[in-house]
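**Student:** The structure file structure-v1.cif (mmCIF, C-alpha atoms and all ligand atoms) is provided below.
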```
data_final
loop_
_atom_site.group_PDB
_atom_site.id
_atom_site.type_symbol
_atom_site.label_atom_id
_atom_site.label_comp_id
_atom_site.auth_asym_id
_atom_site.auth_seq_id
_atom_site.Cartn_x
_atom_site.Cartn_y
_atom_site.Cartn_z
ATOM 1 C CA MET J 28 41.666 -11.369 15.391
ATOM 2 C CA PRO J 29 43.344 -14.799 15.934
ATOM 3 C CA ALA J 30 40.953 -17.766 15.613
ATOM 4 C CA ASP J 31 41.312 -18.754 19.273
ATOM 5 C CA ASP J 32 40.448 -15.249 20.459
ATOM 6 C CA LEU J 33 37.468 -15.163 18.114
ATOM 7 C CA ARG J 34 36.250 -18.545 19.424
ATOM 8 C CA ALA J 35 36.577 -17.360 23.036
ATOM 9 C CA HIS J 36 34.802 -14.141 22.144
ATOM 10 C CA LEU J 37 31.891 -15.989 20.521
ATOM 11 C CA GLU J 38 31.691 -18.490 23.388
ATOM 12 C CA PHE J 39 31.469 -15.594 25.825
ATOM 13 C CA PHE J 40 28.563 -14.075 23.868
ATOM 14 C CA GLY J 41 26.985 -17.520 23.605
ATOM 15 C CA GLU J 42 27.055 -17.771 27.397
ATOM 16 C CA LEU J 43 25.362 -14.392 27.569
ATOM 17 C CA GLY J 44 22.534 -15.834 25.472
ATOM 18 C CA VAL J 45 23.415 -14.257 22.094
ATOM 19 C CA ASP J 46 22.405 -16.909 19.561
ATOM 20 C CA GLY J 47 23.640 -15.390 16.319
ATOM 21 C CA VAL J 48 25.400 -12.514 14.641
ATOM 22 C CA ARG J 49 24.363 -10.354 11.680
ATOM 23 C CA ARG J 50 26.842 -9.263 9.019
ATOM 24 C CA GLU J 51 24.610 -6.798 7.093
ATOM 25 C CA ARG J 52 25.902 -3.247 6.629
ATOM 26 C CA GLU J 53 23.079 -1.728 8.675
ATOM 27 C CA TRP J 54 23.897 -3.890 11.690
ATOM 28 C CA ARG J 55 27.596 -3.202 11.485
ATOM 29 C CA ALA J 56 26.805 0.506 11.217
ATOM 30 C CA ARG J 57 24.589 0.275 14.268
ATOM 31 C CA ALA J 58 27.354 -1.467 16.215
ATOM 32 C CA ASN J 59 29.670 1.378 15.222
ATOM 33 C CA GLY J 60 27.170 3.915 16.512
ATOM 34 C CA GLU J 61 26.048 5.190 13.098
ATOM 35 C CA ALA J 62 22.395 5.682 12.241
ATOM 36 C CA ALA J 63 21.131 2.804 10.097
ATOM 37 C CA SER J 64 19.633 5.353 7.716
ATOM 38 C CA ALA J 65 23.140 6.684 7.102
ATOM 39 C CA VAL J 66 24.023 3.495 5.231
ATOM 40 C CA ALA J 67 20.740 1.766 4.358
ATOM 41 C CA PRO J 68 19.908 2.612 0.760
ATOM 42 C CA PRO J 69 16.534 4.309 0.381
ATOM 43 C CA ASP J 70 13.718 1.963 -0.613
ATOM 44 C CA THR J 71 12.501 2.173 -4.206
ATOM 45 C CA LEU J 72 9.454 0.852 -6.038
ATOM 46 C CA PRO J 73 11.596 -1.478 -8.206
ATOM 47 C CA ALA J 74 13.217 -2.856 -5.017
ATOM 48 C CA ILE J 75 9.802 -3.475 -3.462
ATOM 49 C CA ARG J 76 8.625 -5.188 -6.643
ATOM 50 C CA ALA J 77 11.761 -7.315 -6.688
ATOM 51 C CA ASP J 78 11.204 -8.341 -3.053
ATOM 52 C CA LEU J 79 7.670 -9.450 -3.914
ATOM 53 C CA GLY J 80 9.111 -11.661 -6.653
ATOM 54 C CA ASP J 81 6.744 -14.357 -7.868
ATOM 55 C CA CYS J 82 5.007 -14.175 -4.503
ATOM 56 C CA VAL J 83 3.724 -17.354 -2.841
ATOM 57 C CA ARG J 84 3.370 -15.874 0.651
ATOM 58 C CA CYS J 85 -0.379 -16.471 0.792
ATOM 59 C CA LYS J 86 -2.773 -18.959 -0.743
ATOM 60 C CA LEU J 87 -3.899 -16.618 -3.546
ATOM 61 C CA HIS J 88 -0.949 -17.633 -5.740
ATOM 62 C CA GLY J 89 -2.548 -21.078 -6.030
ATOM 63 C CA LEU J 90 -6.126 -19.895 -6.442
ATOM 64 C CA GLY J 91 -6.031 -18.794 -10.051
ATOM 65 C CA ARG J 92 -4.158 -15.512 -10.001
ATOM 66 C CA ARG J 93 -2.514 -14.852 -13.341
ATOM 67 C CA GLN J 94 -0.149 -12.165 -12.203
ATOM 68 C CA ILE J 95 0.732 -9.843 -9.357
ATOM 69 C CA VAL J 96 -0.828 -6.406 -9.781
ATOM 70 C CA PHE J 97 1.778 -4.215 -8.129
ATOM 71 C CA GLY J 98 0.639 -0.650 -8.704
ATOM 72 C CA VAL J 99 0.962 2.003 -11.361
ATOM 73 C CA GLY J 100 1.643 5.686 -11.797
ATOM 74 C CA ASN J 101 3.945 8.452 -10.702
ATOM 75 C CA PRO J 102 6.560 7.234 -8.196
ATOM 76 C CA HIS J 103 6.570 10.759 -6.706
ATOM 77 C CA ALA J 104 2.801 11.234 -6.743
ATOM 78 C CA GLU J 105 1.260 13.668 -4.283
ATOM 79 C CA LEU J 106 -1.991 11.746 -4.534
ATOM 80 C CA MET J 107 -2.358 7.999 -4.146
ATOM 81 C CA PHE J 108 -5.457 5.840 -4.505
ATOM 82 C CA VAL J 109 -5.741 2.534 -2.678
ATOM 83 C CA GLY J 110 -8.402 0.001 -3.629
ATOM 84 C CA GLU J 111 -9.219 -3.441 -2.366
ATOM 85 C CA ALA J 112 -7.777 -6.067 -4.695
ATOM 86 C CA PRO J 113 -7.394 -6.722 -8.414
ATOM 87 C CA GLY J 114 -10.460 -7.996 -10.249
ATOM 88 C CA ALA J 115 -10.579 -10.097 -13.417
ATOM 89 C CA ASP J 116 -9.543 -7.272 -15.777
ATOM 90 C CA GLU J 117 -6.682 -6.193 -13.548
ATOM 91 C CA ASP J 118 -5.500 -9.778 -13.171
ATOM 92 C CA LEU J 119 -5.392 -10.061 -16.965
ATOM 93 C CA GLN J 120 -3.713 -6.740 -17.652
ATOM 94 C CA GLY J 121 -1.453 -6.498 -14.601
ATOM 95 C CA GLU J 122 -2.614 -2.970 -13.768
ATOM 96 C CA PRO J 123 -4.981 -1.789 -11.010
ATOM 97 C CA PHE J 124 -8.344 -0.272 -11.867
ATOM 98 C CA VAL J 125 -8.552 -0.943 -15.597
ATOM 99 C CA GLY J 126 -12.078 -2.446 -15.726
ATOM 100 C CA ARG J 127 -15.377 -0.542 -15.604
ATOM 101 C CA ALA J 128 -14.758 0.725 -12.092
ATOM 102 C CA GLY J 129 -11.281 1.737 -13.191
ATOM 103 C CA GLN J 130 -12.623 3.752 -16.103
ATOM 104 C CA LEU J 131 -14.825 5.628 -13.663
ATOM 105 C CA LEU J 132 -11.813 6.189 -11.391
ATOM 106 C CA THR J 133 -9.922 7.646 -14.356
ATOM 107 C CA LYS J 134 -12.812 10.106 -14.851
ATOM 108 C CA ILE J 135 -12.822 10.994 -11.148
ATOM 109 C CA ILE J 136 -9.093 11.707 -11.325
ATOM 110 C CA GLY J 137 -9.701 13.816 -14.441
ATOM 111 C CA ALA J 138 -12.405 15.790 -12.641
ATOM 112 C CA ILE J 139 -9.762 17.371 -10.402
ATOM 113 C CA GLY J 140 -7.498 18.152 -13.335
ATOM 114 C CA LEU J 141 -5.150 15.190 -13.020
ATOM 115 C CA THR J 142 -4.388 12.097 -15.075
ATOM 116 C CA ARG J 143 -3.617 8.514 -14.079
ATOM 117 C CA GLU J 144 0.033 9.305 -14.829
ATOM 118 C CA ASP J 145 0.034 12.075 -12.192
ATOM 119 C CA VAL J 146 -1.181 9.849 -9.354
ATOM 120 C CA TYR J 147 -0.257 6.416 -8.020
ATOM 121 C CA ILE J 148 -2.819 3.611 -7.868
ATOM 122 C CA ALA J 149 -2.486 0.411 -5.840
ATOM 123 C CA ASN J 150 -4.541 -2.051 -3.833
ATOM 124 C CA VAL J 151 -4.411 -3.431 -0.313
ATOM 125 C CA ILE J 152 -3.628 -6.838 -1.804
ATOM 126 C CA LYS J 153 -1.869 -7.546 -5.069
ATOM 127 C CA CYS J 154 -3.460 -10.787 -6.247
ATOM 128 C CA ARG J 155 -6.995 -11.422 -7.392
ATOM 129 C CA PRO J 156 -9.125 -13.297 -4.871
ATOM 130 C CA PRO J 157 -11.165 -16.045 -6.557
ATOM 131 C CA GLY J 158 -14.649 -14.970 -7.605
ATOM 132 C CA ASN J 159 -13.833 -11.432 -6.443
ATOM 133 C CA ARG J 160 -14.450 -12.392 -2.848
ATOM 134 C CA ASN J 161 -13.114 -10.070 -0.146
ATOM 135 C CA PRO J 162 -9.474 -10.558 0.771
ATOM 136 C CA GLU J 163 -9.038 -12.699 3.893
ATOM 137 C CA PRO J 164 -7.090 -11.560 6.977
ATOM 138 C CA ASP J 165 -4.070 -13.816 6.340
ATOM 139 C CA GLU J 166 -3.839 -12.508 2.756
ATOM 140 C CA VAL J 167 -3.941 -8.903 3.944
ATOM 141 C CA GLU J 168 -1.389 -9.616 6.630
ATOM 142 C CA GLN J 169 1.115 -10.994 4.112
ATOM 143 C CA CYS J 170 0.550 -8.352 1.459
ATOM 144 C CA GLU J 171 0.037 -5.126 3.402
ATOM 145 C CA PRO J 172 3.715 -4.592 4.288
ATOM 146 C CA PHE J 173 4.422 -4.131 0.578
ATOM 147 C CA LEU J 174 1.715 -1.476 0.320
ATOM 148 C CA PHE J 175 3.168 0.252 3.382
ATOM 149 C CA ARG J 176 6.583 0.281 1.729
ATOM 150 C CA GLN J 177 5.021 1.716 -1.441
ATOM 151 C CA ILE J 178 3.362 4.478 0.588
ATOM 152 C CA ASP J 179 6.547 5.245 2.516
ATOM 153 C CA THR J 180 8.552 5.391 -0.705
ATOM 154 C CA ILE J 181 6.117 7.491 -2.727
ATOM 155 C CA LYS J 182 5.328 9.752 0.258
ATOM 156 C CA PRO J 183 2.010 11.047 -1.111
ATOM 157 C CA ARG J 184 0.413 14.038 0.591
ATOM 158 C CA VAL J 185 -3.034 12.541 0.241
ATOM 159 C CA ILE J 186 -4.186 8.922 0.127
ATOM 160 C CA VAL J 187 -7.729 8.223 -1.015
ATOM 161 C CA ALA J 188 -8.973 4.875 0.292
ATOM 162 C CA LEU J 189 -11.489 3.565 -2.211
ATOM 163 C CA GLY J 190 -14.373 1.820 -0.526
ATOM 164 C CA LYS J 191 -15.174 0.119 2.721
ATOM 165 C CA PHE J 192 -12.579 -2.619 2.539
ATOM 166 C CA ALA J 193 -9.559 -0.387 1.852
ATOM 167 C CA ALA J 194 -10.659 2.247 4.362
ATOM 168 C CA GLN J 195 -11.357 -0.244 7.141
ATOM 169 C CA SER J 196 -8.227 -2.210 6.442
ATOM 170 C CA LEU J 197 -5.879 0.799 6.413
ATOM 171 C CA LEU J 198 -7.510 2.444 9.418
ATOM 172 C CA ARG J 199 -7.850 -0.811 11.373
ATOM 173 C CA THR J 200 -11.501 -0.183 12.087
ATOM 174 C CA THR J 201 -14.871 -1.773 11.479
ATOM 175 C CA GLU J 202 -16.728 1.544 11.250
ATOM 176 C CA PRO J 203 -18.954 1.683 8.183
ATOM 177 C CA ILE J 204 -17.752 3.618 5.149
ATOM 178 C CA THR J 205 -20.709 5.966 5.541
ATOM 179 C CA ARG J 206 -19.136 7.159 8.818
ATOM 180 C CA LEU J 207 -15.532 7.029 7.659
ATOM 181 C CA ARG J 208 -15.975 9.159 4.543
ATOM 182 C CA GLY J 209 -16.152 12.893 4.855
ATOM 183 C CA ARG J 210 -13.400 12.796 7.486
ATOM 184 C CA GLU J 211 -9.634 13.206 7.230
ATOM 185 C CA TYR J 212 -7.153 10.961 9.013
ATOM 186 C CA THR J 213 -3.424 11.280 9.572
ATOM 187 C CA TYR J 214 -1.862 8.200 8.083
ATOM 188 C CA ARG J 215 1.856 7.439 7.565
ATOM 189 C CA ASP J 216 2.710 11.148 7.074
ATOM 190 C CA ALA J 217 -0.194 11.625 4.663
ATOM 191 C CA ILE J 218 -3.811 12.694 4.956
ATOM 192 C CA LEU J 219 -6.061 9.726 4.333
ATOM 193 C CA MET J 220 -9.537 10.309 2.975
ATOM 194 C CA PRO J 221 -11.927 7.400 2.639
ATOM 195 C CA THR J 222 -14.496 7.631 -0.124
ATOM 196 C CA TYR J 223 -16.887 5.339 -1.931
ATOM 197 C CA HIS J 224 -15.501 2.680 -4.261
ATOM 198 C CA PRO J 225 -16.081 3.418 -7.960
ATOM 199 C CA ALA J 226 -17.723 -0.019 -8.342
ATOM 200 C CA TYR J 227 -20.298 1.130 -5.786
ATOM 201 C CA LEU J 228 -20.855 4.309 -7.795
ATOM 202 C CA LEU J 229 -21.687 2.177 -10.818
ATOM 203 C CA ARG J 230 -24.503 0.631 -8.764
ATOM 204 C CA ALA J 231 -25.495 3.810 -6.900
ATOM 205 C CA PRO J 232 -24.783 6.783 -9.171
ATOM 206 C CA SER J 233 -26.363 9.233 -6.717
ATOM 207 C CA ALA J 234 -23.372 8.693 -4.392
ATOM 208 C CA LYS J 235 -21.180 10.417 -6.999
ATOM 209 C CA ARG J 236 -22.097 13.746 -5.377
ATOM 210 C CA GLU J 237 -20.379 12.764 -2.139
ATOM 211 C CA VAL J 238 -17.323 11.475 -3.980
ATOM 212 C CA TRP J 239 -17.164 14.787 -5.821
ATOM 213 C CA GLU J 240 -17.230 16.603 -2.461
ATOM 214 C CA ASP J 241 -14.372 14.389 -1.275
ATOM 215 C CA MET J 242 -12.377 15.015 -4.439
ATOM 216 C CA LYS J 243 -12.832 18.766 -4.188
ATOM 217 C CA ARG J 244 -11.383 18.563 -0.676
ATOM 218 C CA VAL J 245 -8.470 16.484 -2.028
ATOM 219 C CA ARG J 246 -7.842 19.195 -4.631
ATOM 220 C CA GLU J 247 -7.907 21.888 -1.936
ATOM 221 C CA ILE J 248 -5.372 20.020 0.190
ATOM 222 C CA LEU J 249 -3.090 19.494 -2.808
ATOM 223 C CA GLN J 250 -3.350 23.192 -3.606
ATOM 224 C CA GLY J 251 -2.339 23.945 -0.035
ATOM 225 C CA GLU J 252 -5.673 25.344 1.098
HETATM 226 N N1 LIG W 1 -11.403 -2.917 -7.570
HETATM 227 C C1 LIG W 1 -10.367 -2.681 -6.740
HETATM 228 O O1 LIG W 1 -10.535 -2.493 -5.539
HETATM 229 N N2 LIG W 1 -9.148 -2.664 -7.283
HETATM 230 C C2 LIG W 1 -8.917 -2.832 -8.573
HETATM 231 O O2 LIG W 1 -7.748 -2.779 -8.976
HETATM 232 C C3 LIG W 1 -10.012 -3.063 -9.414
HETATM 233 C C4 LIG W 1 -11.246 -3.096 -8.893
#
```
What does this structure look like when you write it as structure tokens?

**Tutor:**
Amino acid sequence: MPADDLRAHLEFFGELGVDGVRREREWRARANGEAASAVAPPDTLPAIRADLGDCVRCKLHGLGRRQIVFGVGNPHAELMFVGEAPGADEDLQGEPFVGRAGQLLTKIIGAIGLTREDVYIANVIKCRPPGNRNPEPDEVEQCEPFLFRQIDTIKPRVIVALGKFAAQSLLRTTEPITRLRGREYTYRDAILMPTYHPAYLLRAPSAKREVWEDMKRVREILQGE
């Protein structure tokens, strides 16, 4: 198109109130009437990790985090566990649930005949809050979209939310974990089951019975029952 025509064209759209144009493939495809999904490459875990980069989106990057704890396990897992946030051990090793609570989680996974390599494990937020305090709303807000992308990429059949914080945060509720657990929720094409956090089980071993009930139900769902 000649430059003068292009200028007139853009001026016309400017008068209509259009204040910019996008040149990305998806937008051009949309303008041509194609579905964006026809050209947008599918998301992948490495792409999500790359987008996180050396994240400084929230204040946790400056509050002593050593590294981002992205998530670990099978990128095609049918079962995904979501905890709260990395603790000191996870911050050191760069992997979720590797401390004492993590060792208990590994046993819980083993109790239904699976290994850590079969499942995917992540947290609501990816950086350690100082002193293991709860994540704050602005931190969750910045970080959660990356967890959502992980979930949508992995497409697990079942998500187990570990503990009050993860369950309340994912389900956008303030109901206590005692009421949330034992129920199944539809969540981003998966079934979400809240259960007690393994760190709580270390303090209250009698609650292991309920977690075992929850895990048996997870096994049933995965077996298609
Ligand atoms: N607690 C969590 O919620 N996540 C971890 O990764 C470790 C402990």

**Student:** Please evaluate the PyMOL selection byres (((chain J and resi 241-247) around 12) and not hetatm) against the displayed coordinates and give the resulting residues as a count of residues only.

**Tutor:** 44

**Student:** Applying 10 Å and all atoms listed in the file, which residues near Gly114 in chain J remain after dropping the ones on its own chain fewer than 4 positions away? List them as a ChimeraX atom specification.

**Tutor:** /J:92,96,118-119,122-126,128,154-160

**Student:** For CA of Leu131 in chain J and CA of Phe97 in chain J, determine how far apart the two atoms are, in Å to one decimal place.

**Tutor:**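 CA of Phe97 in chain J lies at a distance of 20.1 Å from CA of Leu131 in chain J.
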
**Student:** I'd like the neighbourhood of Arg143 in chain J as a PyMOL selection string, where a residue qualifies if any of its atoms comes within 8 Å (using all atoms listed in the file), though same-chain residues fewer than 4 positions away should be ignored.

**Tutor:** chain J and resi 100+133+136+147-148

**Student:** Using all atoms listed in the file, which residue out of J:Arg230, J:Lys182, J:His88, J:Lys153 lies closest to ligand LIG 1 (chain W)?

**Tutor:** J:Lys153

**Student:** Taking only C-alpha atoms and all ligand atoms into account, which of J:Pro69, J:Lys86, J:Tyr227, J:Ile178 comes nearest ligand LIG 1 (chain W)?

**Tutor:** J:Tyr227

**Student:** Return the single residue from J:Pro29, J:Gly110, J:Pro102, J:Pro68 that is closest to Ala226 in chain J, with distances computed using all atoms listed in the file.

**Tutor:**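 Under the stated criterion, the closest residue is J:Gly110.
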
**Student:** Using all atoms listed in the file for the distances, tell me which of J:Gln177, J:Thr142, J:Gln120, J:Gln130 is nearest to Arg76 in chain J.

**Tutor:**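 Using all atoms listed in the file, the shortest distance to Arg76 in chain J belongs to J:Gln177.
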
**Student:** Could you check how far atom N1 of ligand LIG 1 (chain W) sits from CA of Ala194 in chain J, in Å to one decimal?

**Tutor:**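 Separating atom N1 of ligand LIG 1 (chain W) from CA of Ala194 in chain J is a distance of 13.0 Å.
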
**Student:** Using only C-alpha atoms, find the one residue out of J:Asp31, J:Asn161, J:Thr205, J:Gly121 that sits nearest to Ala149 in chain J.

**Tutor:**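 Looking at the shortest contact to Ala149 in chain J, the residue is J:Gly121.
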
**Student:** Which one is closest to ligand LIG 1 (chain W): J:Glu111, J:Leu87, J:Asp78, J:Arg215? Count only C-alpha atoms and all ligand atoms.

**Tutor:** J:Glu111

**Student:** What does the PyMOL selection byres (((chain J and resi 73) around 12) and not hetatm) select in this file, as a PyMOL selection string?

**Tutor:** chain J and resi 69-72+74-80+97-99+102+173+176-177+180-181

**Student:** Pull C-alpha atoms for range 131-168 of chain J from the block and write them as a short mmCIF file (atom, residue, chain, number, x, y, z; two decimals), in the first residue's frame.

**Tutor:**
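Result file is decode.cif:
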```
data_model
loop_
_atom_site.label_atom_id
_atom_site.label_comp_id
_atom_site.auth_asym_id
_atom_site.auth_seq_id
_atom_site.Cartn_x
_atom_site.Cartn_y
_atom_site.Cartn_z
CA LEU J 131 6.06 -37.23 53.86
CA LEU J 132 4.43 -36.15 50.59
CA THR J 133 6.68 -38.58 48.73
CA LYS J 134 5.40 -41.36 51.03
CA ILE J 135 1.79 -40.29 50.46
CA ILE J 136 2.34 -40.44 46.71
CA GLY J 137 3.93 -43.88 47.14
CA ALA J 138 0.93 -45.08 49.13
CA ILE J 139 -1.22 -44.94 45.99
CA GLY J 140 1.40 -46.72 43.92
CA LEU J 141 2.97 -43.68 42.28
CA THR J 142 6.33 -41.94 42.44
CA ARG J 143 7.28 -38.26 42.39
CA GLU J 144 8.28 -38.78 38.75
CA ASP J 145 4.72 -39.84 37.87
CA VAL J 146 3.06 -36.71 39.26
CA TYR J 147 3.69 -32.98 39.00
CA ILE J 148 4.36 -30.87 42.09
CA ALA J 149 4.16 -27.08 42.29
CA ASN J 150 3.17 -24.28 44.63
CA VAL J 151 0.79 -21.34 44.46
CA ILE J 152 3.82 -19.04 44.61
CA LYS J 153 7.31 -19.79 43.40
CA CYS J 154 9.52 -17.83 45.78
CA ARG J 155 10.11 -18.38 49.47
CA PRO J 156 8.39 -15.84 51.70
CA PRO J 157 10.72 -14.62 54.46
CA GLY J 158 10.44 -16.57 57.70
CA ASN J 159 7.95 -18.90 56.00
CA ARG J 160 5.17 -16.39 56.46
CA ASN J 161 2.02 -16.85 54.37
CA PRO J 162 2.17 -15.44 50.86
CA GLU J 163 0.56 -12.00 50.60
CA PRO J 164 -2.25 -11.16 48.15
CA ASP J 165 -0.06 -9.10 45.79
CA GLU J 166 2.48 -11.96 45.63
CA VAL J 167 -0.25 -14.48 44.80
CA GLU J 168 -1.73 -12.16 42.22
#
```
